[in-house]
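File shown here: entry01.txt, holding compact mmCIF, C-alpha atoms.
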```
# COMPACT_ATOMS: atom_id res chain seq x y z
CA MET K 1 170.00 118.55 87.88
CA THR K 2 169.15 116.04 85.18
CA LEU K 3 169.73 112.34 84.74
CA SER K 4 171.59 110.37 82.11
CA ALA K 5 169.66 108.35 79.52
CA THR K 6 170.84 105.08 81.10
CA LYS K 7 169.64 106.18 84.53
CA ARG K 8 166.22 107.16 83.13
CA LEU K 9 165.89 103.79 81.42
CA GLU K 10 166.75 102.14 84.71
CA ILE K 11 163.98 104.08 86.49
CA ILE K 12 161.42 103.17 83.81
CA ALA K 13 162.39 99.48 84.04
CA LEU K 14 162.21 99.48 87.84
CA LEU K 15 158.84 101.23 87.97
CA ALA K 16 157.50 98.96 85.21
CA ALA K 17 158.61 95.89 87.18
CA MET K 18 156.88 97.30 90.24
CA ALA K 19 153.68 97.87 88.21
CA LEU K 20 153.80 94.27 86.98
CA PHE K 21 154.30 92.92 90.49
CA LEU K 22 151.44 95.04 91.86
CA SER K 23 149.18 93.99 88.96
CA SER K 24 149.72 90.35 89.93
CA ILE K 25 148.96 91.14 93.57
CA GLU K 26 145.80 92.95 92.51
CA TYR K 27 144.84 89.94 90.39
CA ILE K 28 145.03 87.47 93.28
CA ILE K 29 143.06 89.67 95.69
CA PRO K 30 139.49 88.38 95.55
CA LYS K 31 136.94 90.99 94.49
CA PRO K 32 133.83 90.99 96.65
CA LEU K 33 131.94 92.88 93.95
CA PRO K 34 132.57 93.32 90.24
CA PHE K 35 134.40 96.48 89.18
CA LEU K 36 135.80 96.98 92.66
CA ARG K 37 139.42 97.43 91.83
CA LEU K 38 142.08 98.96 94.05
CA GLY K 39 144.29 100.10 91.20
CA ILE K 40 147.48 99.54 93.20
CA ALA K 41 149.42 99.09 89.94
CA ASN K 42 149.01 102.82 89.44
CA LEU K 43 151.33 103.53 92.36
CA PRO K 44 154.52 103.45 90.23
CA VAL K 45 152.79 105.53 87.55
CA LEU K 46 151.97 108.21 90.13
CA ILE K 47 155.55 108.23 91.40
CA SER K 48 156.83 108.47 87.82
CA LEU K 49 155.03 111.81 87.42
CA TYR K 50 157.73 113.36 89.61
CA LEU K 51 160.66 111.47 88.11
CA LEU K 52 160.15 111.12 84.37
CA LYS K 53 159.35 113.13 81.27
CA PRO K 54 155.83 112.91 79.76
CA LYS K 55 157.05 110.66 76.93
CA GLU K 56 158.61 108.27 79.42
CA ILE K 57 155.52 108.26 81.64
CA ILE K 58 153.39 107.30 78.63
CA LEU K 59 155.84 104.50 77.83
CA LEU K 60 155.59 103.25 81.42
CA MET K 61 151.78 103.32 81.25
CA ALA K 62 151.82 101.43 77.95
CA ILE K 63 154.03 98.73 79.50
CA LYS K 64 151.69 98.54 82.50
CA ILE K 65 148.54 98.23 80.36
CA ILE K 66 150.00 95.56 78.06
CA ALA K 67 151.41 93.61 81.02
CA GLN K 68 148.03 93.71 82.73
CA GLY K 69 146.50 92.43 79.51
CA PHE K 70 148.81 89.41 79.79
CA ILE K 71 148.21 88.85 83.50
CA TYR K 72 144.41 89.23 83.37
CA GLY K 73 144.17 87.39 80.05
CA THR K 74 142.29 90.26 78.40
CA LEU K 75 145.01 91.27 75.93
CA PHE K 76 143.24 89.88 72.88
CA SER K 77 139.69 90.57 73.99
CA TYR K 78 137.76 93.78 73.46
CA ILE K 79 138.06 94.49 77.20
CA PHE K 80 141.60 95.60 76.40
CA LEU K 81 140.06 98.57 74.58
CA PHE K 82 138.63 99.72 77.92
CA SER K 83 142.00 99.55 79.69
CA CYS K 84 143.70 101.41 76.83
CA ALA K 85 141.14 104.21 76.60
CA GLY K 86 140.99 104.63 80.38
CA GLY K 87 144.77 104.55 80.63
CA VAL K 88 145.44 107.04 77.85
CA ALA K 89 142.80 109.51 79.06
CA SER K 90 143.82 109.38 82.72
CA GLY K 91 147.51 109.48 81.78
CA LEU K 92 147.07 112.70 79.80
CA VAL K 93 144.94 114.29 82.54
CA MET K 94 147.45 113.36 85.27
CA ILE K 95 150.50 114.57 83.31
CA GLY K 96 148.69 117.78 82.33
CA LEU K 97 147.50 118.52 85.87
CA GLN K 98 150.83 117.77 87.46
CA ARG K 99 152.79 119.89 84.98
CA LEU K 100 150.40 122.86 84.90
CA MET K 101 149.66 123.06 88.63
CA LYS K 102 153.08 121.92 89.77
CA ASN K 103 153.24 123.84 93.05
CA HIS K 104 149.53 123.81 93.83
CA VAL K 105 148.72 120.11 93.65
CA THR K 106 150.06 116.88 95.18
CA LEU K 107 149.67 113.29 93.99
CA LEU K 108 146.44 113.12 96.03
CA GLY K 109 144.57 115.43 93.64
CA VAL K 110 146.35 114.04 90.58
CA SER K 111 145.41 110.47 91.54
CA VAL K 112 141.74 111.32 92.20
CA ALA K 113 141.46 113.22 88.89
CA GLY K 114 143.13 110.32 87.03
CA ALA K 115 140.85 107.68 88.53
CA PHE K 116 137.74 109.75 87.84
CA THR K 117 138.78 110.34 84.21
CA SER K 118 139.55 106.67 83.66
CA ASN K 119 136.21 105.55 85.14
CA ILE K 120 134.12 108.12 83.25
CA VAL K 121 135.83 107.26 79.95
CA GLN K 122 135.21 103.54 80.51
CA LEU K 123 131.55 104.15 81.39
CA LEU K 124 131.16 106.30 78.26
CA ILE K 125 132.65 103.55 76.08
CA ALA K 126 130.45 100.90 77.71
CA SER K 127 127.50 103.19 77.10
CA THR K 128 128.25 103.96 73.44
CA VAL K 129 129.77 100.65 72.31
CA ILE K 130 127.78 98.01 74.19
CA TRP K 131 124.96 98.75 76.56
CA GLY K 132 123.55 102.20 75.99
CA PRO K 133 122.83 104.79 78.69
CA GLY K 134 121.50 102.13 81.11
CA VAL K 135 125.11 101.52 82.05
CA PHE K 136 125.13 104.69 84.14
CA LEU K 137 123.22 102.76 86.79
CA ILE K 138 126.61 101.19 87.48
CA ALA K 139 128.28 104.59 87.85
CA PRO K 140 127.66 105.54 91.52
CA PRO K 141 129.39 102.60 93.29
CA PHE K 142 132.04 102.48 90.56
CA LEU K 143 132.97 106.16 90.95
CA LEU K 144 132.70 106.15 94.75
CA VAL K 145 135.05 103.20 95.18
CA GLY K 146 137.39 104.66 92.54
CA THR K 147 137.63 107.97 94.39
CA VAL K 148 138.23 106.41 97.80
CA SER K 149 140.97 104.07 96.56
CA ALA K 150 142.52 106.89 94.48
CA CYS K 151 142.76 109.05 97.64
CA ALA K 152 144.55 106.27 99.49
CA LEU K 153 146.91 105.60 96.56
CA GLY K 154 147.62 109.30 96.01
CA LEU K 155 148.52 109.84 99.67
CA LEU K 156 150.67 106.72 99.67
CA ALA K 157 152.52 107.73 96.48
CA GLU K 158 153.08 111.28 97.73
CA SER K 159 154.48 110.15 101.08
CA PHE K 160 156.60 107.52 99.34
CA TYR K 161 158.09 110.22 97.13
CA ARG K 162 158.73 112.51 100.12
CA ASN K 163 160.33 109.86 102.32
CA SER K 164 161.93 107.26 100.08
CA ARG K 165 165.70 106.89 100.23
CA TRP K 166 165.60 105.49 96.70
CA VAL K 167 164.04 108.74 95.47
CA LYS K 168 166.58 110.81 97.44
CA MET K 169 169.36 108.79 95.84
CA ILE K 170 168.05 109.57 92.35
CA ALA K 171 166.70 113.07 92.78
CA GLY K 172 169.06 114.46 95.38
CA PRO K 173 168.17 115.39 98.94
CA LYS K 174 167.03 118.98 98.44
CA GLY K 175 164.35 118.36 95.84
CA ASP K 176 166.43 120.23 93.27
CA TYR K 177 165.46 117.68 90.68
CA SER K 178 162.99 118.22 87.90
CA PRO K 179 162.38 115.80 85.07
CA MET J 1 152.72 115.99 104.13
CA LYS J 2 150.77 119.04 103.11
CA ILE J 3 147.63 118.89 101.02
CA LYS J 4 147.49 121.72 98.51
CA LEU J 5 144.78 123.97 97.08
CA PHE J 6 144.07 122.04 93.89
CA ASP J 7 143.85 118.74 95.78
CA ILE J 8 140.84 120.19 97.56
CA VAL J 9 139.41 121.69 94.35
CA ILE J 10 139.74 118.34 92.52
CA LEU J 11 138.18 116.43 95.42
CA ILE J 12 135.23 118.83 95.53
CA ILE J 13 134.67 118.59 91.74
CA VAL J 14 134.89 114.77 91.72
CA ALA J 15 132.71 114.37 94.83
CA GLY J 16 130.20 116.83 93.36
CA ALA J 17 130.04 115.04 90.00
CA THR J 18 129.69 111.65 91.72
CA GLY J 19 126.96 112.98 94.02
CA PHE J 20 125.08 114.57 91.12
CA LEU J 21 125.25 111.38 89.06
CA THR J 22 124.13 109.28 92.05
CA PHE J 23 121.16 111.57 92.66
CA PHE J 24 120.31 111.63 88.95
CA VAL J 25 120.55 107.85 88.52
CA TYR J 26 118.80 106.70 91.72
CA GLY J 27 116.32 109.58 91.73
CA ALA J 28 114.82 108.33 88.46
CA GLN J 29 113.86 105.00 90.03
CA TYR J 30 110.31 104.67 91.32
CA GLY J 31 107.31 102.45 90.85
CA GLU J 32 107.18 98.69 90.46
CA PRO J 33 110.69 97.34 89.77
CA TYR J 34 111.33 95.30 86.63
CA ALA J 35 114.39 93.67 85.12
CA HIS J 36 116.01 95.25 82.08
CA ILE J 37 118.20 92.68 80.33
CA LYS J 38 120.53 93.84 77.59
CA SER J 39 122.89 91.66 75.60
CA GLN J 40 124.83 92.16 72.40
CA HIS J 41 121.79 92.13 70.09
CA GLU J 42 118.81 91.61 72.39
CA GLU J 43 116.98 93.75 74.89
CA TYR J 44 114.20 92.53 77.19
CA TYR J 45 112.06 93.79 80.04
CA TYR J 46 110.73 91.28 82.57
CA ALA J 47 108.45 91.71 85.55
CA LEU J 48 109.89 90.29 88.76
CA THR J 49 106.54 88.88 89.85
CA SER J 50 106.59 85.64 87.87
CA PRO J 51 109.44 83.11 87.87
CA ASN J 52 111.34 82.85 84.62
CA LEU J 53 114.43 81.34 83.05
CA ILE J 54 115.91 83.50 80.31
CA SER J 55 118.78 82.64 78.01
CA VAL J 56 120.60 85.36 76.09
CA GLU J 57 123.35 85.05 73.52
CA GLY J 58 126.65 86.89 73.89
CA PRO J 59 129.98 86.78 72.03
CA LEU J 60 131.19 83.92 74.29
CA GLY J 61 127.97 81.91 74.38
CA ARG J 62 124.78 81.65 76.40
CA THR J 63 124.15 83.44 79.67
CA VAL J 64 121.28 81.94 81.63
CA ILE J 65 119.35 84.35 83.83
CA GLU J 66 116.88 83.31 86.50
CA ILE J 67 113.97 85.30 87.90
CA ASN J 68 112.62 83.80 91.09
CA GLU J 69 110.81 85.17 94.16
CA GLY J 70 111.12 88.76 92.96
CA ALA J 71 114.87 88.65 92.40
CA VAL J 72 117.16 88.20 89.41
CA SER J 73 120.39 86.23 89.31
CA VAL J 74 122.73 84.81 86.70
CA ARG J 75 122.60 81.06 86.84
CA SER J 76 125.36 80.29 84.36
CA SER J 77 127.72 82.22 82.13
CA PRO J 78 130.49 81.28 79.69
CA CYS J 79 132.79 84.09 80.92
CA PRO J 80 136.12 83.21 82.58
CA GLU J 81 135.78 84.93 85.95
CA LYS J 82 132.05 84.34 86.62
CA THR J 83 131.79 87.68 88.38
CA CYS J 84 128.18 87.89 87.19
CA VAL J 85 127.26 84.54 88.76
CA LYS J 86 128.99 85.52 92.01
CA SER J 87 127.06 88.78 92.07
CA GLY J 88 124.12 86.81 93.48
CA LYS J 89 120.56 88.13 93.50
CA VAL J 90 119.42 91.65 92.73
CA SER J 91 115.90 92.93 93.30
CA LEU J 92 115.91 96.64 94.15
CA PRO J 93 115.77 99.52 91.63
CA GLY J 94 119.32 100.69 90.93
CA GLU J 95 120.85 97.25 91.51
CA TRP J 96 122.60 95.56 88.61
CA ILE J 97 124.62 92.58 87.42
CA ALA J 98 127.12 93.09 84.63
CA CYS J 99 129.13 90.62 82.60
CA LEU J 100 131.62 92.56 80.53
CA PRO J 101 133.18 89.55 78.70
CA ASN J 102 129.83 88.25 77.46
CA GLN J 103 128.36 91.74 77.12
CA VAL J 104 125.31 91.12 79.30
CA LEU J 105 123.90 93.85 81.51
CA ILE J 106 121.00 93.31 83.89
CA THR J 107 119.60 96.33 85.68
CA ILE J 108 116.65 96.56 88.02
CA GLU J 109 114.70 99.63 87.11
CA GLY J 110 111.49 101.21 88.24
CA ARG J 111 109.53 103.68 86.20
CA SER J 112 106.00 104.96 85.70
CA GLU J 113 103.53 102.58 84.10
CA GLU J 114 103.43 104.25 80.65
CA ASP J 115 107.08 103.41 80.12
CA ILE J 116 106.66 99.70 80.56
CA ASP J 117 104.22 98.85 77.80
CA ALA J 118 106.88 96.59 76.36
CA LEU J 119 106.98 94.50 79.52
CA SER J 120 106.91 90.81 78.74
CA TYR J 121 105.65 88.10 81.05
```

Since I need it in another form, could you write the structure as structure tokens?
Amino acid sequence: MTLSATKRLEIIALLAAMALFLSSIEYIIPKPLPFLRLGIANLPVLISLYLLKPKEIILLMAIKIIAQGFIYGTLFSYIFLFSCAGGVASGLVMIGLQRLMKNHVTLLGVSVAGAFTSNIVQLLIASTVIWGPGVFLIAPPFLLVGTVSACALGLLAESFYRNSRWVKMIAGPKGDYSP
Amino acid sequence: MKIKLFDIVILIIVAGATGFLTFFVYGAQYGEPYAHIKSQHEEYYYALTSPNLISVEGPLGRTVIEINEGAVSVRSSPCPEKTCVKSGKVSLPGEWIACLPNQVLITIEGRSEEDIDALSY
């Protein structure tokens, strides 16, 4: 079964709104240490992997990244370059993984791979553009926290997709839906 | 919910890469620790033994760094969130303070004596 264009637009808008809301929540949670982000705004993006086409997922990610730029006030600073590069790289990896390994991977693996890609890309940019290789001293806690929170988010997104009545309403009860 | 094969494969790859990087990064730290301060256009090495007040220039303005009692901290910064100031003191090899908005990175490193000829007091 497939969905009408209007229905797809509705899903994108709803997931984008959810990403915006979660970005604001993330923003008001105090960070005990720099770079320790939960990434909860990625929850709707993970869910979208099951519901939308690659083009639409990229649109959703673009909306999320620009909205976060507004909320965090980084839209017109060079920090926005980091979010964009991390977002694009992890988006492509997550879409690729999910489409190629369809029946052999859940959102847990997809989420962990996405977070890792995003973090490595951002470290590489920080290393080449600003600080040089010394920046890799930051890598261990950064990657560790990223992996742990990505596991939690992946499990949450997967169980949301499996159990949500909203998803059943869109995709049908038997899982006969594919984007 | 069932975890699938590639979930495990991905987790092993990511954990392995993180572990390797951790070993590689922290394994290279030995000897007397010193502070490596890098800003947009400047790069300095300071011993932690003598107190110092260092001011570096970034795109937003001046970041003031303090060395006192063997530890480094950021005293003031023009960045909006002041994450670097809140980071507090660092003193052990592998520890760091980063200010992305003002492009200042402070890392505590330790290396053999030949490498630190450029050390300034």

Interatomic distance, CA of Ala171 (chain K) to CA of Leu11 (chain J) (Å, one decimal):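 A separation of 28.8 Å between them.
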
Exercise answer, chain K residues close to chain J, 9 Å and all atoms listed in the file, as a ChimeraX atom specification: /K:31-34,77-79,101,103-110,112-113,116,126,130-131,134-141,143-144,147,151,155,158-159,162

Distance in Å - CA of Leu51 (chain K) versus CA of Ile11 (chain K):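 For CA of Leu51 (chain K) relative to CA of Ile11 (chain K), the distance reads 8.3 Å.
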
Edge lengths and centre, in Å to one decimal, as lines of an AutoDock Vina configuration file: that's what I need for the box along x, y and z that holds all listed atoms of region 61-75 of chain K plus 5 Å on each side.
```
center_x = 148.2
center_y = 95.4
center_z = 79.7
size_x = 21.7
size_y = 25.9
size_z = 17.6
```

Nearby residues (all atoms listed in the file) at most 9 Å from Asn52 (chain J), same-chain spacing under 4 positions excluded, as a list in words: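 Listing them by chain and then by number gives Tyr46, Leu48, Ile65, Glu66, Ile67, Asn68 and Tyr121 of chain J.
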
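The gap separating CA of Ile95 (chain K) from CA of Leu9 (chain K) is 18.9 Å, in Å to one decimal.
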